[in-house]
$ cat structure_33.tsv   # TSV, C-alpha atoms
chain	number	residue	atom	x	y	z
A	1	MET	CA	2.93	15.25	-21.41
A	2	ASN	CA	6.41	14.44	-20.13
A	3	ARG	CA	7.19	12.59	-16.89
A	4	ARG	CA	8.40	15.73	-15.09
A	5	HIS	CA	5.16	17.58	-15.92
A	6	LEU	CA	3.08	14.61	-14.76
A	7	LEU	CA	4.96	14.41	-11.46
A	8	GLY	CA	4.46	18.13	-10.94
A	9	LEU	CA	0.71	17.84	-11.45
A	10	THR	CA	0.54	14.85	-9.11
A	11	ALA	CA	2.46	16.67	-6.38
A	12	GLY	CA	0.19	19.69	-6.77
A	13	ALA	CA	-2.90	17.53	-6.47
A	14	LEU	CA	-1.57	15.87	-3.34
A	15	ALA	CA	-0.86	19.26	-1.80
A	16	LEU	CA	-4.42	20.54	-2.30
A	17	PRO	CA	-5.95	18.75	0.73
A	18	ALA	CA	-3.15	20.05	2.95
A	19	LEU	CA	-3.67	23.60	1.71
A	20	THR	CA	-7.43	23.29	2.09
A	21	GLY	CA	-7.02	21.95	5.63
A	22	ALA	CA	-4.65	24.79	6.57
A	23	ARG	CA	-7.04	27.35	5.09
A	24	ALA	CA	-9.94	25.77	7.01
A	25	GLN	CA	-8.11	26.40	10.28
A	26	SER	CA	-7.08	30.01	9.70
A	27	PHE	CA	-8.68	33.23	10.94
A	28	ASP	CA	-8.69	36.13	8.49
A	29	ARG	CA	-10.95	38.61	10.29
A	30	PRO	CA	-12.25	39.33	13.82
A	31	VAL	CA	-14.04	36.51	15.61
A	32	ARG	CA	-17.38	37.22	17.27
A	33	ILE	CA	-18.52	35.50	20.45
A	34	ILE	CA	-22.30	35.81	20.51
A	35	VAL	CA	-23.73	35.83	24.04
A	36	PRO	CA	-27.52	35.49	23.81
A	37	PHE	CA	-28.13	37.06	27.23
A	38	ALA	CA	-27.68	40.51	28.74
A	39	PRO	CA	-24.33	41.71	30.13
A	40	GLY	CA	-23.55	40.61	33.68
A	41	GLY	CA	-24.78	37.03	33.48
A	42	THR	CA	-22.66	33.88	33.64
A	43	SER	CA	-22.27	33.53	29.86
A	44	ASP	CA	-21.27	37.17	29.48
A	45	ILE	CA	-18.78	37.02	32.37
A	46	LEU	CA	-17.12	33.95	30.88
A	47	ALA	CA	-16.99	35.32	27.33
A	48	ARG	CA	-15.28	38.51	28.43
A	49	LEU	CA	-12.87	36.53	30.59
A	50	LEU	CA	-11.77	34.39	27.64
A	51	ALA	CA	-11.74	37.04	24.91
A	52	PRO	CA	-8.20	38.45	25.52
A	53	ASP	CA	-6.51	35.03	25.51
A	54	LEU	CA	-8.50	33.89	22.48
A	55	THR	CA	-7.48	37.08	20.68
A	56	ARG	CA	-3.84	36.04	21.14
A	57	GLY	CA	-4.54	32.45	20.15
A	58	PHE	CA	-6.57	33.27	17.03
A	59	GLY	CA	-4.33	36.15	15.94
A	60	GLN	CA	-7.50	38.20	15.40
A	61	ASN	CA	-9.59	40.41	17.65
A	62	VAL	CA	-12.30	38.56	19.54
A	63	VAL	CA	-15.39	40.69	20.09
A	64	VAL	CA	-18.21	39.83	22.51
A	65	GLU	CA	-21.70	40.69	21.25
A	66	ASN	CA	-24.86	40.43	23.37
A	67	ARG	CA	-27.85	39.38	21.26
A	68	THR	CA	-30.67	38.90	23.74
A	69	GLY	CA	-34.18	37.55	23.50
A	70	ALA	CA	-36.33	34.42	23.15
A	71	GLY	CA	-34.51	32.50	25.87
A	72	GLY	CA	-31.21	32.64	23.98
A	73	ASN	CA	-32.63	31.66	20.58
A	74	ILE	CA	-32.06	35.01	18.89
A	75	GLY	CA	-28.34	34.84	19.55
A	76	ALA	CA	-28.23	31.15	18.65
A	77	ASP	CA	-29.93	31.91	15.33
A	78	VAL	CA	-27.31	34.56	14.54
A	79	VAL	CA	-24.60	31.90	14.75
A	80	ALA	CA	-26.70	29.24	13.02
A	81	LYS	CA	-27.06	31.52	9.99
A	82	SER	CA	-23.41	32.68	9.91
A	83	PRO	CA	-20.87	31.32	7.41
A	84	PRO	CA	-19.52	27.92	8.56
A	85	ASP	CA	-15.97	29.13	9.02
A	86	GLY	CA	-15.51	29.47	12.79
A	87	HIS	CA	-15.68	33.27	12.90
A	88	ALA	CA	-18.98	33.40	14.79
A	89	LEU	CA	-19.23	31.44	18.05
A	90	LEU	CA	-22.13	30.96	20.43
A	91	LEU	CA	-21.33	30.97	24.15
A	92	ILE	CA	-24.44	29.88	25.99
A	93	ASP	CA	-25.86	27.93	28.91
A	94	VAL	CA	-26.24	24.75	26.90
A	95	SER	CA	-28.85	23.24	29.24
A	96	THR	CA	-31.04	26.19	28.30
A	97	LEU	CA	-30.23	25.68	24.62
A	98	ALA	CA	-31.22	22.02	24.95
A	99	THR	CA	-34.79	22.93	25.91
A	100	ALA	CA	-35.41	24.91	22.71
A	101	PRO	CA	-36.52	21.99	20.47
A	102	SER	CA	-39.19	21.05	23.01
A	103	LEU	CA	-40.38	24.59	23.74
A	104	TYR	CA	-40.69	25.88	20.17
A	105	THR	CA	-42.50	24.16	17.32
A	106	ARG	CA	-41.26	26.79	14.83
A	107	LEU	CA	-37.66	27.22	15.93
A	108	PRO	CA	-35.78	29.21	13.24
A	109	PHE	CA	-32.85	26.77	13.32
A	110	ASP	CA	-32.33	23.05	13.74
A	111	LEU	CA	-30.19	22.61	16.85
A	112	LYS	CA	-28.56	19.38	15.72
A	113	ARG	CA	-28.02	20.43	12.11
A	114	ASP	CA	-27.28	24.15	12.28
A	115	LEU	CA	-25.01	24.34	15.34
A	116	ALA	CA	-21.79	22.40	15.85
A	117	PRO	CA	-20.63	21.67	19.43
A	118	VAL	CA	-17.03	22.82	19.92
A	119	THR	CA	-16.35	22.38	23.63
A	120	MET	CA	-17.98	22.50	27.01
A	121	LEU	CA	-16.43	25.17	29.24
A	122	ILE	CA	-17.61	25.10	32.83
A	123	TYR	CA	-20.19	23.79	35.20
A	124	ALA	CA	-21.45	26.13	37.89
A	125	PRO	CA	-24.08	24.99	40.38
A	126	TYR	CA	-27.23	26.95	40.97
A	127	ILE	CA	-27.72	28.94	44.15
A	128	LEU	CA	-31.26	29.21	45.46
A	129	ALA	CA	-31.34	32.57	47.21
A	130	VAL	CA	-33.94	34.93	48.62
A	131	HIS	CA	-34.24	38.64	49.22
A	132	PRO	CA	-33.40	39.52	52.86
A	133	SER	CA	-37.01	40.62	53.39
A	134	VAL	CA	-38.11	36.98	53.20
A	135	PRO	CA	-38.42	35.73	56.80
A	136	ALA	CA	-36.63	32.44	56.15
A	137	ARG	CA	-33.10	31.60	57.24
A	138	ASN	CA	-32.95	28.02	56.01
A	139	ALA	CA	-34.62	25.57	53.65
A	140	ALA	CA	-37.25	24.33	56.09
A	141	GLU	CA	-38.33	27.85	56.95
A	142	LEU	CA	-38.48	28.83	53.28
A	143	VAL	CA	-40.68	25.86	52.36
A	144	ALA	CA	-43.00	26.59	55.29
A	145	TYR	CA	-43.22	30.27	54.34
A	146	ALA	CA	-43.89	29.50	50.68
A	147	LYS	CA	-46.66	27.03	51.54
A	148	ALA	CA	-48.25	29.46	54.00
A	149	ASN	CA	-48.22	32.31	51.44
A	150	PRO	CA	-49.47	30.91	48.11
A	151	GLN	CA	-48.66	33.04	45.06
A	152	ARG	CA	-47.04	35.71	47.26
A	153	VAL	CA	-43.47	34.61	46.58
A	154	ASN	CA	-42.22	35.67	43.15
A	155	VAL	CA	-39.47	33.52	41.67
A	156	GLY	CA	-37.33	35.49	39.23
A	157	HIS	CA	-35.69	33.53	36.42
A	158	ALA	CA	-33.89	34.09	33.12
A	159	GLY	CA	-36.85	33.26	30.87
A	160	ILE	CA	-39.60	30.71	30.34
A	161	GLY	CA	-38.20	27.27	29.64
A	162	VAL	CA	-34.59	28.05	30.53
A	163	GLY	CA	-32.70	25.79	32.92
A	164	ASN	CA	-33.25	27.75	36.12
A	165	HIS	CA	-36.98	28.14	35.36
A	166	LEU	CA	-37.43	24.40	34.91
A	167	THR	CA	-35.35	23.64	37.99
A	168	GLY	CA	-37.52	26.05	39.96
A	169	LEU	CA	-40.67	24.32	38.74
A	170	LEU	CA	-39.39	20.90	39.80
A	171	VAL	CA	-38.32	22.15	43.23
A	172	THR	CA	-41.47	24.10	44.08
A	173	GLN	CA	-43.67	21.24	42.87
A	174	HIS	CA	-41.70	18.99	45.21
A	175	TRP	CA	-42.41	21.43	48.05
A	176	GLY	CA	-46.11	21.43	47.26
A	177	ALA	CA	-46.02	25.23	47.23
A	178	ASP	CA	-47.71	27.65	44.82
A	179	LEU	CA	-45.13	30.25	43.83
A	180	THR	CA	-45.36	32.81	41.03
A	181	GLN	CA	-42.74	32.33	38.30
A	182	VAL	CA	-41.59	35.68	36.88
A	183	PRO	CA	-39.50	35.66	33.67
A	184	TYR	CA	-36.88	38.34	33.05
A	185	ARG	CA	-34.65	39.08	30.08
A	186	GLY	CA	-31.76	36.93	31.24
A	187	GLY	CA	-30.18	35.95	34.54
A	188	ALA	CA	-28.58	39.34	35.17
A	189	ALA	CA	-31.97	41.09	34.96
A	190	ALA	CA	-33.51	38.50	37.26
A	191	LEU	CA	-30.70	38.96	39.79
A	192	THR	CA	-31.16	42.73	39.76
A	193	ALA	CA	-34.91	42.36	40.27
A	194	VAL	CA	-34.57	39.98	43.22
A	195	ALA	CA	-31.80	42.06	44.80
A	196	ALA	CA	-34.14	45.06	44.59
A	197	GLY	CA	-37.01	43.13	46.19
A	198	GLU	CA	-39.16	43.18	43.04
A	199	SER	CA	-39.15	39.37	43.22
A	200	GLN	CA	-38.33	37.41	46.34
A	201	MET	CA	-36.50	34.26	45.22
A	202	ILE	CA	-34.12	33.15	42.51
A	203	ILE	CA	-32.37	29.99	41.35
A	204	ASN	CA	-29.37	31.06	39.29
A	205	GLY	CA	-25.78	30.19	38.43
A	206	ALA	CA	-23.29	30.57	41.26
A	207	THR	CA	-20.87	32.48	39.03
A	208	ALA	CA	-23.21	35.46	38.83
A	209	THR	CA	-25.17	34.96	42.07
A	210	ALA	CA	-22.40	34.37	44.64
A	211	PRO	CA	-21.24	38.03	44.69
A	212	PHE	CA	-24.76	39.16	45.65
A	213	CYS	CA	-24.79	36.61	48.47
A	214	LYS	CA	-21.36	37.69	49.72
A	215	GLN	CA	-22.53	41.31	49.80
A	216	GLY	CA	-25.65	40.37	51.76
A	217	THR	CA	-27.94	41.58	48.99
A	218	LEU	CA	-29.28	38.03	48.70
A	219	ARG	CA	-29.45	35.23	51.28
A	220	PRO	CA	-28.34	31.78	50.04
A	221	ILE	CA	-30.60	28.91	51.08
A	222	ALA	CA	-29.42	25.89	49.07
A	223	VAL	CA	-27.13	24.93	46.17
A	224	THR	CA	-27.15	22.30	43.45
A	225	GLY	CA	-24.12	20.20	42.57
A	226	PRO	CA	-22.25	17.38	44.28
A	227	ALA	CA	-20.91	19.38	47.25
A	228	ARG	CA	-21.41	22.52	49.30
A	229	LEU	CA	-19.67	25.64	48.03
A	230	ALA	CA	-16.48	26.66	49.81
A	231	ASP	CA	-17.73	30.24	50.17
A	232	PHE	CA	-20.98	29.07	51.79
A	233	PRO	CA	-20.09	26.01	53.86
A	234	ASP	CA	-23.28	26.20	55.93
A	235	VAL	CA	-25.59	26.18	52.90
A	236	PRO	CA	-26.80	22.62	52.13
A	237	THR	CA	-27.08	21.01	48.71
A	238	PHE	CA	-30.34	20.03	47.04
A	239	GLN	CA	-29.21	16.42	47.40
A	240	GLU	CA	-28.82	16.76	51.16
A	241	LEU	CA	-32.32	18.23	51.34
A	242	GLY	CA	-33.83	15.49	49.19
A	243	TRP	CA	-34.88	17.97	46.49
A	244	PRO	CA	-35.08	17.08	42.77
A	245	ALA	CA	-32.76	18.46	40.04
A	246	ALA	CA	-29.80	18.11	42.40
A	247	ASP	CA	-27.30	18.01	39.51
A	248	SER	CA	-28.77	20.89	37.55
A	249	GLY	CA	-26.82	24.09	37.10
A	250	THR	CA	-25.38	26.27	34.42
A	251	TRP	CA	-23.35	24.30	31.88
A	252	GLN	CA	-21.60	26.81	29.65
A	253	GLY	CA	-20.35	25.74	26.23
A	254	ILE	CA	-19.29	27.07	22.85
A	255	LEU	CA	-20.82	26.10	19.51
A	256	ALA	CA	-20.04	27.09	15.94
A	257	GLN	CA	-22.21	27.04	12.85
A	258	GLY	CA	-23.22	23.60	11.60
A	259	GLY	CA	-21.08	22.52	8.69
A	260	THR	CA	-17.93	24.19	10.02
A	261	PRO	CA	-15.03	22.00	8.79
A	262	ALA	CA	-13.71	19.54	11.33
A	263	PRO	CA	-10.18	21.01	11.21
A	264	MET	CA	-11.57	24.41	12.21
A	265	VAL	CA	-13.73	22.91	14.97
A	266	ASN	CA	-10.67	21.15	16.33
A	267	ARG	CA	-8.57	24.33	16.07
A	268	LEU	CA	-11.26	26.23	17.99
A	269	ALA	CA	-11.47	23.54	20.65
A	270	GLY	CA	-7.69	23.51	21.08
A	271	GLU	CA	-7.37	27.30	21.39
A	272	ILE	CA	-10.24	27.44	23.86
A	273	ARG	CA	-8.70	24.64	25.92
A	274	THR	CA	-5.44	26.60	26.04
A	275	ALA	CA	-7.25	29.79	27.10
A	276	MET	CA	-9.13	27.97	29.84
A	277	ALA	CA	-5.84	26.63	31.23
A	278	VAL	CA	-4.25	30.08	31.67
A	279	PRO	CA	-3.57	30.21	35.45
A	280	ALA	CA	-5.25	33.57	36.02
A	281	THR	CA	-8.33	32.42	34.10
A	282	ALA	CA	-8.47	29.08	35.90
A	283	GLU	CA	-8.20	30.84	39.27
A	284	ARG	CA	-10.94	33.28	38.32
A	285	ILE	CA	-13.26	30.44	37.28
A	286	THR	CA	-12.68	28.67	40.60
A	287	ALA	CA	-13.26	31.91	42.50
A	288	LEU	CA	-16.58	32.27	40.71
A	289	GLY	CA	-17.73	28.91	42.06
A	290	ALA	CA	-17.38	27.08	38.74
A	291	VAL	CA	-15.54	23.94	37.65
A	292	ASN	CA	-13.56	23.59	34.42
A	293	ARG	CA	-15.35	21.02	32.23
A	294	VAL	CA	-13.53	21.47	28.92
A	295	GLU	CA	-14.04	18.46	26.66
A	296	GLY	CA	-13.91	17.66	22.95
A	297	PRO	CA	-16.61	18.12	20.31
A	298	ASP	CA	-17.72	14.48	20.27
A	299	SER	CA	-18.31	14.10	24.00
A	300	PHE	CA	-19.95	17.52	24.08
A	301	ARG	CA	-22.38	16.45	21.33
A	302	THR	CA	-23.25	13.25	23.23
A	303	TRP	CA	-23.90	15.27	26.39
A	304	LEU	CA	-26.07	17.77	24.51
A	305	ASP	CA	-28.17	15.06	22.86
A	306	ASN	CA	-28.86	13.59	26.31
A	307	GLU	CA	-29.84	17.00	27.74
A	308	ILE	CA	-32.29	17.55	24.87
A	309	GLU	CA	-34.05	14.34	25.87
A	310	VAL	CA	-33.93	14.86	29.66
A	311	TRP	CA	-35.25	18.44	29.70
A	312	GLY	CA	-37.67	17.68	26.88
A	313	ARG	CA	-39.47	15.33	29.26
A	314	VAL	CA	-39.74	18.10	31.88
A	315	VAL	CA	-41.09	20.58	29.32
A	316	ARG	CA	-43.69	18.09	28.07
A	317	ALA	CA	-44.71	17.10	31.61
A	318	ASN	CA	-45.42	20.74	32.44
A	319	ASN	CA	-47.05	21.45	29.06
A	320	ILE	CA	-44.80	24.46	28.38
A	321	LYS	CA	-44.98	25.90	24.87
A	322	LEU	CA	-43.74	29.25	23.64
A	323	ASP	CA	-45.37	29.36	20.19

$ encode --input "structure_33.tsv" --output "structure tokens"
Amino acid sequence: MNRRHLLGLTAGALALPALTGARAQSFDRPVRIIVPFAPGGTSDILARLLAPDLTRGFGQNVVVENRTGAGGNIGADVVAKSPPDGHALLLIDVSTLATAPSLYTRLPFDLKRDLAPVTMLIYAPYILAVHPSVPARNAAELVAYAKANPQRVNVGHAGIGVGNHLTGLLVTQHWGADLTQVPYRGGAAALTAVAAGESQMIINGATATAPFCKQGTLRPIAVTGPARLADFPDVPTFQELGWPAADSGTWQGILAQGGTPAPMVNRLAGEIRTAMAVPATAERITALGAVNRVEGPDSFRTWLDNEIEVWGRVVRANNIKLD
């Protein structure tokens, strides 16, 4: 083997990692965003808002698919069992996802092994709202009404064990009131049911709930988060009222399949960060009552690990099991 041949082989070998890295970051077919809830909820609204800009960034069509059921686990499992190449993404309320390991003893995927955090997207506080037929105009009147009418106030929520269900449990236990928790197939279905008077109260993300309150279909009573919402300046926060779960809300994030190469995870995170910064998108997110919380994969994983522990304690304390 002559020197020129040897140098050629060496150069080729050195180029392999670069080629592999470039290939690991490329998109060669449409990208699916799996939303594990019905159309019209916060996750669905956000996915459809981002899809056009991500289509431009990825150079491939981005398609939103709703795969509902099992509190988001059916959609999560679709992504967990997809090829680890960044072409199937899960957009979900990650606080809800974090309850899954505590709720299910036979979960079809391992959250920490089979799903890879890419980036957090937004935080939107919860709005606690009631149907206009409820004779309560403020928090004190609602608590008094709920305590005086045990089991006659139905609380609609997105499914057993999801974030707004657990927040509702903590709050109503704090009230000392006996309310009936009614699970629906996602937040959008719960909103529709409460707006129709089928259930009387809901705790749900501001992104999806605020429009109902602005229309007068629902009456806002209180909000989570660090401050009152600009659209409802007279509605107090949970913290002001001394209620628990004051910092709960809908934390939307995107995850890929576990084992997705780090270069692809970083490419995804970068393109999503760019899409979230588009002025029209940023303005829409603010108008929906949400806050941009984009952050990298590592900090997102740390946050998720903490949520698994925090909400796991709530699930165990209330002895909630779904299998």

$ closest_residue --input "structure_33.tsv" --among "A:Leu90, A:Pro135, A:Val278, A:Arg228" --to "Leu241 of chain A" --atoms "all atoms listed in the file"
A:Arg228

$ atom_distance --input "structure_33.tsv" --atom1 "atom CA of Gly186 of chain A" --atom2 "atom CA of Gly156 of chain A"
9.8 Å

$ axis_aligned_box --input "structure_33.tsv" --around "segment 194-211 of chain A" --padding-each-side "8 Å" --output "JSON"
{"center_x": -30.0, "center_y": 37.5, "center_z": 42.4, "size_x": 34.3, "size_y": 31.1, "size_z": 23.9}

$ closest_residue --input "structure_33.tsv" --among "A:Asn292, A:Ser82, A:Thr96, A:Gln173" --to "Asp114 of chain A" --atoms "only C-alpha atoms"
A:Ser82

$ atom_distance --input "structure_33.tsv" --atom1 "atom CA of Val153 of chain A" --atom2 "atom CA of Arg219 of chain A"
14.8 Å

$ closest_residue --input "structure_33.tsv" --among "A:Pro125, A:Gly249, A:Gly225, A:Gly168" --to "Ile202 of chain A" --atoms "all atoms listed in the file"
A:Gly168

$ closest_residue --input "structure_33.tsv" --among "A:Leu97, A:Leu142, A:Ile285, A:Phe27" --to "Trp311 of chain A" --atoms "all atoms listed in the file"
A:Leu97

$ atom_distance --input "structure_33.tsv" --atom1 "atom CA of Thr302 of chain A" --atom2 "atom CA of Pro117 of chain A"
9.6 Å

$ closest_residue --input "structure_33.tsv" --among "A:Ile92, A:Ala116, A:Ala139, A:Ala246" --to "Ala227 of chain A" --atoms "all atoms listed in the file"
A:Ala246

$ closest_residue --input "structure_33.tsv" --among "A:Ile33, A:Ala136, A:Val118, A:Ala269" --to "Leu46 of chain A" --atoms "only C-alpha atoms"
A:Ile33

$ residues_around --input "structure_33.tsv" --residues "Gln151 of chain A" --least-positions-apart "4" --cutoff "10 Å" --atoms "all atoms listed in the file" --output "ChimeraX atom specification"
/A:146-147,155,177-181

$ residues_around --input "structure_33.tsv" --residues "segment 210-218 of chain A" --least-positions-apart "6" --cutoff "10 Å" --atoms "all atoms listed in the file" --output "PyMOL selection string"
chain A and resi 126-134+191-192+194-197+200-202+204+229+231-232+287-289

$ residues_near_point --input "structure_33.tsv" --point "(-44.9, 19.7, 31.4)" --cutoff "12 Å" --atoms "all atoms listed in the file" --output "list in words"
Thr99, Ser102, Leu103, Gly161, Leu166, Leu169, Leu170, Gln173, Trp311, Gly312, Arg313, Val314, Val315, Arg316, Ala317, Asn318, Asn319, Ile320 and Lys321 of chain A

$ residues_around --input "structure_33.tsv" --residues "Val265 of chain A" --least-positions-apart "3" --cutoff "12 Å" --atoms "all atoms listed in the file" --output "PyMOL selection string"
chain A and resi 21+24-26+84-89+115-119+254-262+268-272+296-298
